[in-house]
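Pasted below: coords_0.cif, mmCIF, N, CA and C atoms.
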```
data_run
loop_
_atom_site.label_atom_id
_atom_site.label_comp_id
_atom_site.auth_asym_id
_atom_site.auth_seq_id
_atom_site.Cartn_x
_atom_site.Cartn_y
_atom_site.Cartn_z
N ARG A 1 136.16 105.16 102.32
CA ARG A 1 135.98 104.49 103.60
C ARG A 1 136.99 103.36 103.74
N THR A 2 137.39 103.14 104.92
CA THR A 2 138.34 102.06 105.16
C THR A 2 137.63 100.72 105.13
N PRO A 3 138.35 99.65 104.77
CA PRO A 3 137.70 98.33 104.74
C PRO A 3 137.12 97.92 106.09
N LYS A 4 137.80 98.26 107.20
CA LYS A 4 137.27 97.89 108.52
C LYS A 4 135.95 98.58 108.78
N ARG A 5 135.85 99.84 108.40
CA ARG A 5 134.60 100.58 108.63
C ARG A 5 133.48 100.01 107.76
N LEU A 6 133.81 99.66 106.53
CA LEU A 6 132.82 99.09 105.64
C LEU A 6 132.31 97.75 106.18
N ILE A 7 133.23 96.91 106.65
CA ILE A 7 132.83 95.62 107.23
C ILE A 7 131.96 95.85 108.45
N PHE A 8 132.34 96.81 109.30
CA PHE A 8 131.54 97.12 110.49
C PHE A 8 130.14 97.55 110.09
N LEU A 9 130.01 98.41 109.08
CA LEU A 9 128.69 98.89 108.65
C LEU A 9 127.85 97.74 108.08
N LEU A 10 128.47 96.82 107.32
CA LEU A 10 127.73 95.69 106.77
C LEU A 10 127.24 94.76 107.87
N VAL A 11 128.09 94.50 108.86
CA VAL A 11 127.68 93.64 109.98
C VAL A 11 126.57 94.31 110.77
N LEU A 12 126.69 95.59 111.02
CA LEU A 12 125.67 96.33 111.75
C LEU A 12 124.34 96.29 110.99
N MET A 13 124.39 96.49 109.68
CA MET A 13 123.18 96.46 108.87
C MET A 13 122.55 95.06 108.92
N ALA A 14 123.35 94.03 108.85
CA ALA A 14 122.82 92.66 108.92
C ALA A 14 122.14 92.40 110.25
N LEU A 15 122.74 92.88 111.34
CA LEU A 15 122.13 92.69 112.66
C LEU A 15 120.80 93.43 112.76
N VAL A 16 120.76 94.65 112.26
CA VAL A 16 119.52 95.44 112.32
C VAL A 16 118.42 94.74 111.52
N VAL A 17 118.74 94.33 110.30
CA VAL A 17 117.74 93.68 109.45
C VAL A 17 117.27 92.38 110.09
N THR A 18 118.20 91.61 110.64
CA THR A 18 117.83 90.35 111.28
C THR A 18 116.90 90.59 112.45
N ASN A 19 117.20 91.56 113.28
CA ASN A 19 116.36 91.83 114.45
C ASN A 19 115.00 92.37 114.07
N ILE A 20 114.91 93.13 112.99
CA ILE A 20 113.64 93.73 112.61
C ILE A 20 112.76 92.75 111.83
N PHE A 21 113.34 92.03 110.87
CA PHE A 21 112.53 91.28 109.92
C PHE A 21 112.51 89.78 110.13
N VAL A 22 113.55 89.22 110.71
CA VAL A 22 113.66 87.77 110.74
C VAL A 22 113.37 87.18 112.11
N LEU A 23 114.02 87.70 113.13
CA LEU A 23 113.85 87.12 114.46
C LEU A 23 112.47 87.41 115.02
N PRO A 24 111.85 86.45 115.65
CA PRO A 24 110.54 86.72 116.24
C PRO A 24 110.66 87.66 117.43
N LYS A 25 109.66 88.49 117.59
CA LYS A 25 109.62 89.38 118.75
C LYS A 25 109.34 88.54 119.99
N THR A 26 109.52 89.13 121.14
CA THR A 26 109.27 88.42 122.38
C THR A 26 107.83 87.94 122.40
N LEU A 27 107.65 86.68 122.66
CA LEU A 27 106.31 86.10 122.69
C LEU A 27 105.67 86.33 124.05
N ASN A 28 104.38 86.33 124.06
CA ASN A 28 103.64 86.46 125.31
C ASN A 28 103.45 85.05 125.87
N ILE A 29 104.53 84.49 126.37
CA ILE A 29 104.52 83.13 126.90
C ILE A 29 104.27 83.19 128.40
N PRO A 30 103.35 82.41 128.89
CA PRO A 30 103.07 82.46 130.33
C PRO A 30 104.28 81.96 131.13
N SER A 31 104.40 82.49 132.33
CA SER A 31 105.48 82.05 133.21
C SER A 31 105.25 80.60 133.62
N GLN A 32 106.26 79.98 134.18
CA GLN A 32 106.12 78.57 134.60
C GLN A 32 105.03 78.45 135.66
N GLN A 33 104.94 79.41 136.58
CA GLN A 33 103.91 79.36 137.61
C GLN A 33 102.52 79.44 136.98
N GLN A 34 102.35 80.33 135.98
CA GLN A 34 101.05 80.43 135.32
C GLN A 34 100.71 79.14 134.59
N ALA A 35 101.70 78.53 133.96
CA ALA A 35 101.47 77.26 133.26
C ALA A 35 101.08 76.16 134.23
N ASN A 36 101.76 76.12 135.40
CA ASN A 36 101.43 75.12 136.42
C ASN A 36 100.01 75.32 136.94
N ASN A 37 99.62 76.57 137.18
CA ASN A 37 98.27 76.88 137.64
C ASN A 37 97.23 76.44 136.62
N GLN A 38 97.52 76.71 135.33
CA GLN A 38 96.59 76.32 134.28
C GLN A 38 96.46 74.80 134.22
N ALA A 39 97.58 74.10 134.34
CA ALA A 39 97.55 72.64 134.31
C ALA A 39 96.74 72.10 135.48
N ALA A 40 96.91 72.69 136.68
CA ALA A 40 96.15 72.25 137.86
C ALA A 40 94.65 72.49 137.65
N ASN A 41 94.29 73.65 137.10
CA ASN A 41 92.88 73.95 136.83
C ASN A 41 92.31 72.97 135.82
N ASN A 42 93.09 72.62 134.82
CA ASN A 42 92.62 71.66 133.82
C ASN A 42 92.33 70.30 134.46
N GLU A 43 93.22 69.87 135.36
CA GLU A 43 93.01 68.58 136.02
C GLU A 43 91.78 68.60 136.90
N ILE A 44 91.58 69.69 137.63
CA ILE A 44 90.41 69.80 138.52
C ILE A 44 89.13 69.78 137.71
N ASN A 45 89.11 70.47 136.59
CA ASN A 45 87.91 70.57 135.76
C ASN A 45 87.75 69.40 134.80
N GLY A 46 88.69 68.47 134.83
CA GLY A 46 88.60 67.32 133.94
C GLY A 46 89.00 67.63 132.51
N ASN A 47 89.57 68.78 132.27
CA ASN A 47 89.99 69.17 130.93
C ASN A 47 91.46 68.78 130.76
N THR A 48 91.72 67.83 129.90
CA THR A 48 93.09 67.37 129.70
C THR A 48 93.71 67.94 128.43
N ALA A 49 92.98 68.81 127.74
CA ALA A 49 93.51 69.39 126.51
C ALA A 49 94.67 70.33 126.84
N LEU A 50 95.62 70.36 125.94
CA LEU A 50 96.76 71.26 126.12
C LEU A 50 96.32 72.69 125.87
N PRO A 51 96.93 73.64 126.57
CA PRO A 51 96.60 75.05 126.31
C PRO A 51 97.06 75.42 124.90
N PRO A 52 96.42 76.42 124.31
CA PRO A 52 96.81 76.81 122.95
C PRO A 52 98.25 77.32 122.92
N THR A 53 98.91 77.05 121.82
CA THR A 53 100.27 77.53 121.62
C THR A 53 100.23 79.02 121.31
N PRO A 54 101.06 79.81 121.97
CA PRO A 54 101.06 81.24 121.67
C PRO A 54 101.53 81.48 120.23
N ARG A 55 100.93 82.44 119.60
CA ARG A 55 101.27 82.78 118.21
C ARG A 55 102.23 83.95 118.20
N ARG A 56 103.14 83.91 117.28
CA ARG A 56 104.03 85.05 117.12
C ARG A 56 103.53 85.90 115.97
N ARG A 57 103.91 87.14 115.99
CA ARG A 57 103.53 88.06 114.94
C ARG A 57 104.29 87.72 113.66
N PRO A 58 103.63 87.65 112.51
CA PRO A 58 104.34 87.34 111.27
C PRO A 58 105.39 88.42 110.96
N LYS A 59 106.48 88.01 110.33
CA LYS A 59 107.57 88.89 109.96
C LYS A 59 107.58 89.11 108.45
N LEU A 60 108.13 90.22 108.02
CA LEU A 60 108.16 90.53 106.60
C LEU A 60 108.95 89.50 105.80
N ALA A 61 109.94 88.87 106.40
CA ALA A 61 110.78 87.92 105.67
C ALA A 61 110.31 86.47 105.84
N ASP A 62 109.18 86.24 106.49
CA ASP A 62 108.67 84.87 106.62
C ASP A 62 108.40 84.28 105.24
N GLY A 63 108.89 83.07 105.02
CA GLY A 63 108.65 82.38 103.77
C GLY A 63 109.55 82.78 102.63
N CYS A 64 110.52 83.62 102.87
CA CYS A 64 111.43 84.05 101.81
C CYS A 64 112.54 83.02 101.66
N TYR A 65 112.77 82.61 100.44
CA TYR A 65 113.90 81.73 100.18
C TYR A 65 115.17 82.57 99.97
N HIS A 66 115.01 83.73 99.34
CA HIS A 66 116.12 84.67 99.14
C HIS A 66 115.73 86.03 99.70
N VAL A 67 116.70 86.71 100.27
CA VAL A 67 116.50 88.09 100.74
C VAL A 67 117.52 88.96 100.05
N PHE A 68 117.04 90.04 99.43
CA PHE A 68 117.92 91.01 98.78
C PHE A 68 117.73 92.34 99.48
N ILE A 69 118.82 92.89 100.00
CA ILE A 69 118.78 94.18 100.69
C ILE A 69 119.44 95.22 99.79
N ASP A 70 118.66 96.21 99.41
CA ASP A 70 119.17 97.30 98.58
C ASP A 70 119.33 98.51 99.49
N ALA A 71 120.52 98.67 100.03
CA ALA A 71 120.80 99.78 100.96
C ALA A 71 121.32 100.95 100.14
N GLY A 72 120.47 101.93 99.95
CA GLY A 72 120.78 103.04 99.05
C GLY A 72 120.15 102.74 97.70
N ALA A 73 118.86 102.48 97.71
CA ALA A 73 118.16 101.99 96.52
C ALA A 73 118.02 103.01 95.41
N ASN A 74 118.14 104.30 95.73
CA ASN A 74 117.95 105.36 94.76
C ASN A 74 116.59 105.16 94.09
N ILE A 75 116.53 104.87 92.78
CA ILE A 75 115.24 104.70 92.12
C ILE A 75 114.86 103.22 91.94
N GLY A 76 115.61 102.32 92.57
CA GLY A 76 115.24 100.91 92.58
C GLY A 76 115.71 100.08 91.40
N MET A 77 116.75 100.53 90.72
CA MET A 77 117.19 99.82 89.52
C MET A 77 117.74 98.43 89.81
N HIS A 78 118.48 98.26 90.90
CA HIS A 78 119.04 96.94 91.17
C HIS A 78 117.94 95.91 91.45
N THR A 79 116.88 96.35 92.07
CA THR A 79 115.73 95.46 92.26
C THR A 79 115.14 95.08 90.91
N ARG A 80 115.03 96.04 90.02
CA ARG A 80 114.49 95.76 88.70
C ARG A 80 115.42 94.84 87.91
N PHE A 81 116.75 95.03 88.07
CA PHE A 81 117.70 94.12 87.41
C PHE A 81 117.49 92.70 87.90
N LEU A 82 117.18 92.54 89.18
CA LEU A 82 116.98 91.21 89.76
C LEU A 82 115.65 90.60 89.32
N LEU A 83 114.57 91.36 89.43
CA LEU A 83 113.24 90.82 89.16
C LEU A 83 112.83 90.85 87.70
N GLU A 84 113.36 91.80 86.93
CA GLU A 84 112.97 91.95 85.53
C GLU A 84 114.20 92.02 84.63
N PRO A 85 115.05 91.01 84.66
CA PRO A 85 116.31 91.10 83.92
C PRO A 85 116.15 91.22 82.41
N SER A 86 115.08 90.69 81.86
CA SER A 86 114.90 90.75 80.41
C SER A 86 114.70 92.18 79.90
N LEU A 87 114.30 93.09 80.79
CA LEU A 87 114.13 94.49 80.39
C LEU A 87 115.45 95.25 80.36
N TYR A 88 116.52 94.64 80.88
CA TYR A 88 117.80 95.33 81.00
C TYR A 88 118.93 94.45 80.45
N PRO A 89 118.93 94.21 79.13
CA PRO A 89 119.96 93.32 78.57
C PRO A 89 121.38 93.87 78.69
N LYS A 90 121.53 95.18 78.81
CA LYS A 90 122.87 95.77 78.91
C LYS A 90 123.41 95.81 80.34
N ALA A 91 122.62 95.41 81.31
CA ALA A 91 123.05 95.40 82.71
C ALA A 91 123.76 94.09 83.00
N TRP A 92 124.75 93.75 82.21
CA TRP A 92 125.37 92.43 82.29
C TRP A 92 126.13 92.22 83.59
N ILE A 93 126.68 93.26 84.21
CA ILE A 93 127.41 93.08 85.47
C ILE A 93 126.44 92.66 86.58
N ALA A 94 125.33 93.38 86.70
CA ALA A 94 124.33 93.05 87.72
C ALA A 94 123.73 91.67 87.44
N ARG A 95 123.41 91.40 86.18
CA ARG A 95 122.80 90.12 85.83
C ARG A 95 123.75 88.96 86.13
N LYS A 96 125.03 89.15 85.85
CA LYS A 96 126.03 88.11 86.14
C LYS A 96 126.11 87.87 87.65
N PHE A 97 126.09 88.95 88.43
CA PHE A 97 126.13 88.83 89.89
C PHE A 97 124.91 88.06 90.39
N PHE A 98 123.73 88.42 89.91
CA PHE A 98 122.50 87.77 90.37
C PHE A 98 122.43 86.31 89.93
N VAL A 99 122.92 86.00 88.76
CA VAL A 99 122.96 84.60 88.32
C VAL A 99 123.88 83.79 89.23
N ALA A 100 125.03 84.37 89.59
CA ALA A 100 125.98 83.67 90.46
C ALA A 100 125.40 83.41 91.84
N HIS A 101 124.56 84.32 92.34
CA HIS A 101 124.06 84.19 93.71
C HIS A 101 122.64 83.64 93.82
N PHE A 102 121.84 83.81 92.78
CA PHE A 102 120.44 83.38 92.86
C PHE A 102 120.05 82.37 91.79
N GLY A 103 120.98 81.99 90.94
CA GLY A 103 120.71 80.99 89.91
C GLY A 103 120.30 81.62 88.59
N PRO A 104 120.18 80.78 87.56
CA PRO A 104 119.83 81.27 86.21
C PRO A 104 118.48 81.99 86.21
N GLU A 105 118.39 83.01 85.40
CA GLU A 105 117.18 83.84 85.34
C GLU A 105 115.95 83.02 84.98
N VAL A 106 116.09 82.07 84.07
CA VAL A 106 114.94 81.30 83.62
C VAL A 106 114.42 80.33 84.69
N LEU A 107 115.26 80.02 85.68
CA LEU A 107 114.85 79.09 86.74
C LEU A 107 114.39 79.80 88.02
N ARG A 108 114.55 81.10 88.09
CA ARG A 108 114.18 81.83 89.31
C ARG A 108 112.68 82.11 89.34
N ASP A 109 112.15 82.05 90.55
CA ASP A 109 110.75 82.41 90.78
C ASP A 109 110.77 83.65 91.67
N ASN A 110 110.31 84.77 91.15
CA ASN A 110 110.38 86.03 91.90
C ASN A 110 109.56 86.01 93.18
N ARG A 111 108.67 85.05 93.32
CA ARG A 111 107.90 84.94 94.56
C ARG A 111 108.76 84.40 95.70
N ASP A 112 109.95 83.86 95.37
CA ASP A 112 110.86 83.35 96.39
C ASP A 112 111.70 84.46 97.03
N PHE A 113 111.64 85.66 96.48
CA PHE A 113 112.47 86.76 96.95
C PHE A 113 111.71 87.68 97.89
N CYS A 114 112.42 88.20 98.87
CA CYS A 114 111.95 89.34 99.64
C CYS A 114 112.99 90.42 99.44
N ILE A 115 112.55 91.55 98.96
CA ILE A 115 113.46 92.66 98.71
C ILE A 115 113.14 93.76 99.71
N PHE A 116 114.21 94.22 100.37
CA PHE A 116 114.10 95.33 101.32
C PHE A 116 114.93 96.47 100.78
N ALA A 117 114.25 97.53 100.36
CA ALA A 117 114.92 98.68 99.75
C ALA A 117 114.91 99.85 100.73
N PHE A 118 116.08 100.42 100.95
CA PHE A 118 116.23 101.56 101.84
C PHE A 118 116.70 102.75 101.02
N GLU A 119 115.95 103.85 101.08
CA GLU A 119 116.33 105.07 100.37
C GLU A 119 115.76 106.28 101.12
N PRO A 120 116.64 107.12 101.67
CA PRO A 120 116.15 108.25 102.45
C PRO A 120 115.71 109.46 101.63
N ASN A 121 116.03 109.50 100.35
CA ASN A 121 115.70 110.67 99.54
C ASN A 121 114.19 110.72 99.28
N PRO A 122 113.51 111.76 99.78
CA PRO A 122 112.05 111.83 99.63
C PRO A 122 111.59 111.95 98.17
N ILE A 123 112.47 112.36 97.29
CA ILE A 123 112.11 112.50 95.88
C ILE A 123 111.74 111.14 95.28
N HIS A 124 112.32 110.06 95.80
CA HIS A 124 112.12 108.73 95.22
C HIS A 124 111.00 107.93 95.87
N ILE A 125 110.36 108.45 96.89
CA ILE A 125 109.34 107.69 97.62
C ILE A 125 108.18 107.27 96.72
N ALA A 126 107.68 108.18 95.91
CA ALA A 126 106.53 107.86 95.04
C ALA A 126 106.87 106.71 94.09
N ARG A 127 108.07 106.74 93.53
CA ARG A 127 108.47 105.67 92.60
C ARG A 127 108.51 104.32 93.32
N HIS A 128 109.06 104.31 94.53
CA HIS A 128 109.14 103.05 95.27
C HIS A 128 107.75 102.54 95.66
N GLU A 129 106.85 103.43 95.98
CA GLU A 129 105.48 103.01 96.29
C GLU A 129 104.80 102.43 95.06
N GLU A 130 105.06 103.00 93.88
CA GLU A 130 104.52 102.44 92.64
C GLU A 130 105.08 101.05 92.38
N MET A 131 106.40 100.90 92.61
CA MET A 131 107.03 99.58 92.43
C MET A 131 106.43 98.57 93.40
N ARG A 132 106.27 98.99 94.66
CA ARG A 132 105.70 98.09 95.66
C ARG A 132 104.31 97.64 95.25
N SER A 133 103.50 98.56 94.79
CA SER A 133 102.14 98.23 94.39
C SER A 133 102.13 97.30 93.18
N ALA A 134 102.94 97.58 92.18
CA ALA A 134 102.99 96.75 90.97
C ALA A 134 103.52 95.36 91.29
N TYR A 135 104.58 95.28 92.08
CA TYR A 135 105.16 93.98 92.42
C TYR A 135 104.22 93.18 93.32
N SER A 136 103.55 93.85 94.21
CA SER A 136 102.60 93.16 95.09
C SER A 136 101.48 92.53 94.28
N ALA A 137 101.02 93.22 93.25
CA ALA A 137 99.97 92.68 92.39
C ALA A 137 100.42 91.42 91.67
N MET A 138 101.74 91.26 91.49
CA MET A 138 102.29 90.07 90.85
C MET A 138 102.67 88.99 91.86
N GLY A 139 102.46 89.27 93.15
CA GLY A 139 102.80 88.30 94.18
C GLY A 139 104.26 88.37 94.62
N TRP A 140 104.95 89.45 94.25
CA TRP A 140 106.35 89.62 94.61
C TRP A 140 106.42 90.48 95.86
N ARG A 141 107.36 90.18 96.74
CA ARG A 141 107.46 90.88 98.02
C ARG A 141 108.57 91.93 97.98
N TYR A 142 108.15 93.17 97.86
CA TYR A 142 109.05 94.32 97.80
C TYR A 142 108.67 95.26 98.93
N HIS A 143 109.61 95.52 99.82
CA HIS A 143 109.35 96.37 100.97
C HIS A 143 110.28 97.57 100.91
N PHE A 144 109.68 98.75 100.90
CA PHE A 144 110.46 99.99 100.82
C PHE A 144 110.44 100.71 102.16
N PHE A 145 111.59 101.23 102.54
CA PHE A 145 111.73 102.00 103.76
C PHE A 145 112.39 103.33 103.43
N ALA A 146 111.72 104.41 103.75
CA ALA A 146 112.25 105.74 103.49
C ALA A 146 113.22 106.10 104.60
N ALA A 147 114.34 105.41 104.61
CA ALA A 147 115.34 105.60 105.66
C ALA A 147 116.71 105.23 105.10
N GLY A 148 117.72 105.84 105.67
CA GLY A 148 119.09 105.50 105.30
C GLY A 148 119.61 104.39 106.17
N VAL A 149 120.55 103.65 105.63
CA VAL A 149 121.17 102.56 106.38
C VAL A 149 122.65 102.87 106.54
#
```
What does the file become when written as structure tokens?
Amino acid sequence: RTPKRLIFLLVLMALVVTNIFVLPKTLNIPSQQQANNQAANNEINGNTALPPTPRRRPKLADGCYHVFIDAGANIGMHTRFLLEPSLYPKAWIARKFFVAHFGPEVLRDNRDFCIFAFEPNPIHIARHEEMRSAYSAMGWRYHFFAAGV
């Protein structure tokens, strides 16, 4: 692939992930006319309390200090290199990369990570569901999507 195409695909993937997981969806905010009507009704009824603030739907990446996107996760090894580095002492290239970007292994808290793994191969779905279940039990946020990016 050409570098321009690769850059385009990475930017496109970042936009998709941002729109799906990070940005809030459109809120059900009343129009200005509805807000004015509510304020007038409150004054007539003697109620000076502010109307409740509309709530937004929680997002998968809410509260994440780090986000790791594994596009083409296969069997999820890069996630395991990140979250369980002591089990893979020979994965020095991945471990070096993660230390450079996420800090020393001994200082990392896996609860600070949100991992989004994309893998369209149906053969690997069961493994990713097992990982999701095991990591969830430890308080780690691992989200698997059976889709290609």
Practice problem: Would you work out the distance separating atom N of Tyr142 (chain A) from CA of Thr79 (chain A), expressed in Å to one decimal? | Solution: 9.7 Å
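With the shown file loaded, the PyMOL selection byres ((chain A and resi 146-148) around 6) picks out Phe118, Glu119, Pro120, Phe144, Phe145 and Val149 of chain A.
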Quiz prompt | alpha helix (DSSP H) per DSSP on the backbone: members of region 90-122 of chain A, as a PyMOL selection string | solution = chain A and resi 92-102
Self-check item: Counting only N, CA and C atoms, the residue of A:Lys96, A:Arg5, A:His78, A:Arg111 that sits nearest Met138 (chain A)
Solution: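 Result for the nearest residue to Met138 (chain A): A:Arg111.
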Quiz prompt | Result set of the PyMOL selection byres (((chain A and resi 135 and name CA) around 12) and name CA) on the coordinates above, as number ranges by chain | solution = A: 79-80, 83-84, 110-111, 113-115, 128-134, 136-144
With N, CA and C atoms kept, could you save the residues just selected as a PDB file, keeping the file's coordinate frame?
```pdb
ATOM      1  N   THR A  79     116.880  96.350  92.070  1.00  0.00           N
ATOM      2  CA  THR A  79     115.730  95.460  92.260  1.00  0.00           C
ATOM      3  C   THR A  79     115.140  95.080  90.910  1.00  0.00           C
ATOM      4  N   ARG A  80     115.030  96.040  90.020  1.00  0.00           N
ATOM      5  CA  ARG A  80     114.490  95.760  88.700  1.00  0.00           C
ATOM      6  C   ARG A  80     115.420  94.840  87.910  1.00  0.00           C
ATOM      7  N   LEU A  83     114.570  91.360  89.430  1.00  0.00           N
ATOM      8  CA  LEU A  83     113.240  90.820  89.160  1.00  0.00           C
ATOM      9  C   LEU A  83     112.830  90.850  87.700  1.00  0.00           C
ATOM     10  N   GLU A  84     113.360  91.800  86.930  1.00  0.00           N
ATOM     11  CA  GLU A  84     112.970  91.950  85.530  1.00  0.00           C
ATOM     12  C   GLU A  84     114.200  92.020  84.630  1.00  0.00           C
ATOM     13  N   ASN A 110     110.310  84.770  91.150  1.00  0.00           N
ATOM     14  CA  ASN A 110     110.380  86.030  91.900  1.00  0.00           C
ATOM     15  C   ASN A 110     109.560  86.010  93.180  1.00  0.00           C
ATOM     16  N   ARG A 111     108.670  85.050  93.320  1.00  0.00           N
ATOM     17  CA  ARG A 111     107.900  84.940  94.560  1.00  0.00           C
ATOM     18  C   ARG A 111     108.760  84.400  95.700  1.00  0.00           C
ATOM     19  N   PHE A 113     111.640  85.660  96.480  1.00  0.00           N
ATOM     20  CA  PHE A 113     112.470  86.760  96.950  1.00  0.00           C
ATOM     21  C   PHE A 113     111.710  87.680  97.890  1.00  0.00           C
ATOM     22  N   CYS A 114     112.420  88.200  98.870  1.00  0.00           N
ATOM     23  CA  CYS A 114     111.950  89.340  99.640  1.00  0.00           C
ATOM     24  C   CYS A 114     112.990  90.420  99.440  1.00  0.00           C
ATOM     25  N   ILE A 115     112.550  91.550  98.960  1.00  0.00           N
ATOM     26  CA  ILE A 115     113.460  92.660  98.710  1.00  0.00           C
ATOM     27  C   ILE A 115     113.140  93.760  99.710  1.00  0.00           C
ATOM     28  N   HIS A 128     109.060 104.310  94.530  1.00  0.00           N
ATOM     29  CA  HIS A 128     109.140 103.050  95.270  1.00  0.00           C
ATOM     30  C   HIS A 128     107.750 102.540  95.660  1.00  0.00           C
ATOM     31  N   GLU A 129     106.850 103.430  95.980  1.00  0.00           N
ATOM     32  CA  GLU A 129     105.480 103.010  96.290  1.00  0.00           C
ATOM     33  C   GLU A 129     104.800 102.430  95.060  1.00  0.00           C
ATOM     34  N   GLU A 130     105.060 103.000  93.880  1.00  0.00           N
ATOM     35  CA  GLU A 130     104.520 102.440  92.640  1.00  0.00           C
ATOM     36  C   GLU A 130     105.080 101.050  92.380  1.00  0.00           C
ATOM     37  N   MET A 131     106.400 100.900  92.610  1.00  0.00           N
ATOM     38  CA  MET A 131     107.030  99.580  92.430  1.00  0.00           C
ATOM     39  C   MET A 131     106.430  98.570  93.400  1.00  0.00           C
ATOM     40  N   ARG A 132     106.270  98.990  94.660  1.00  0.00           N
ATOM     41  CA  ARG A 132     105.700  98.090  95.660  1.00  0.00           C
ATOM     42  C   ARG A 132     104.310  97.640  95.250  1.00  0.00           C
ATOM     43  N   SER A 133     103.500  98.560  94.790  1.00  0.00           N
ATOM     44  CA  SER A 133     102.140  98.230  94.390  1.00  0.00           C
ATOM     45  C   SER A 133     102.130  97.300  93.180  1.00  0.00           C
ATOM     46  N   ALA A 134     102.940  97.580  92.180  1.00  0.00           N
ATOM     47  CA  ALA A 134     102.990  96.750  90.970  1.00  0.00           C
ATOM     48  C   ALA A 134     103.520  95.360  91.290  1.00  0.00           C
ATOM     49  N   SER A 136     103.550  93.850  94.210  1.00  0.00           N
ATOM     50  CA  SER A 136     102.600  93.160  95.090  1.00  0.00           C
ATOM     51  C   SER A 136     101.480  92.530  94.280  1.00  0.00           C
ATOM     52  N   ALA A 137     101.020  93.220  93.250  1.00  0.00           N
ATOM     53  CA  ALA A 137      99.970  92.680  92.390  1.00  0.00           C
ATOM     54  C   ALA A 137     100.420  91.420  91.670  1.00  0.00           C
ATOM     55  N   MET A 138     101.740  91.260  91.490  1.00  0.00           N
ATOM     56  CA  MET A 138     102.290  90.070  90.850  1.00  0.00           C
ATOM     57  C   MET A 138     102.670  88.990  91.860  1.00  0.00           C
ATOM     58  N   GLY A 139     102.460  89.270  93.150  1.00  0.00           N
ATOM     59  CA  GLY A 139     102.800  88.300  94.180  1.00  0.00           C
ATOM     60  C   GLY A 139     104.260  88.370  94.620  1.00  0.00           C
ATOM     61  N   TRP A 140     104.950  89.450  94.250  1.00  0.00           N
ATOM     62  CA  TRP A 140     106.350  89.620  94.610  1.00  0.00           C
ATOM     63  C   TRP A 140     106.420  90.480  95.860  1.00  0.00           C
ATOM     64  N   ARG A 141     107.360  90.180  96.740  1.00  0.00           N
ATOM     65  CA  ARG A 141     107.460  90.880  98.020  1.00  0.00           C
ATOM     66  C   ARG A 141     108.570  91.930  97.980  1.00  0.00           C
ATOM     67  N   TYR A 142     108.150  93.170  97.860  1.00  0.00           N
ATOM     68  CA  TYR A 142     109.050  94.320  97.800  1.00  0.00           C
ATOM     69  C   TYR A 142     108.670  95.260  98.930  1.00  0.00           C
ATOM     70  N   HIS A 143     109.610  95.520  99.820  1.00  0.00           N
ATOM     71  CA  HIS A 143     109.350  96.370 100.970  1.00  0.00           C
ATOM     72  C   HIS A 143     110.280  97.570 100.910  1.00  0.00           C
ATOM     73  N   PHE A 144     109.680  98.750 100.900  1.00  0.00           N
ATOM     74  CA  PHE A 144     110.460  99.990 100.820  1.00  0.00           C
ATOM     75  C   PHE A 144     110.440 100.710 102.160  1.00  0.00           C
TER      76      PHE A 144
END
```
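Of note, atom C of Phe81 (chain A) and atom N of Ile123 (chain A) are spaced 22.4 Å apart.
When CA of Ile75 (chain A) is paired with CA of Ile125 (chain A), their separation reads 8.6 Å.
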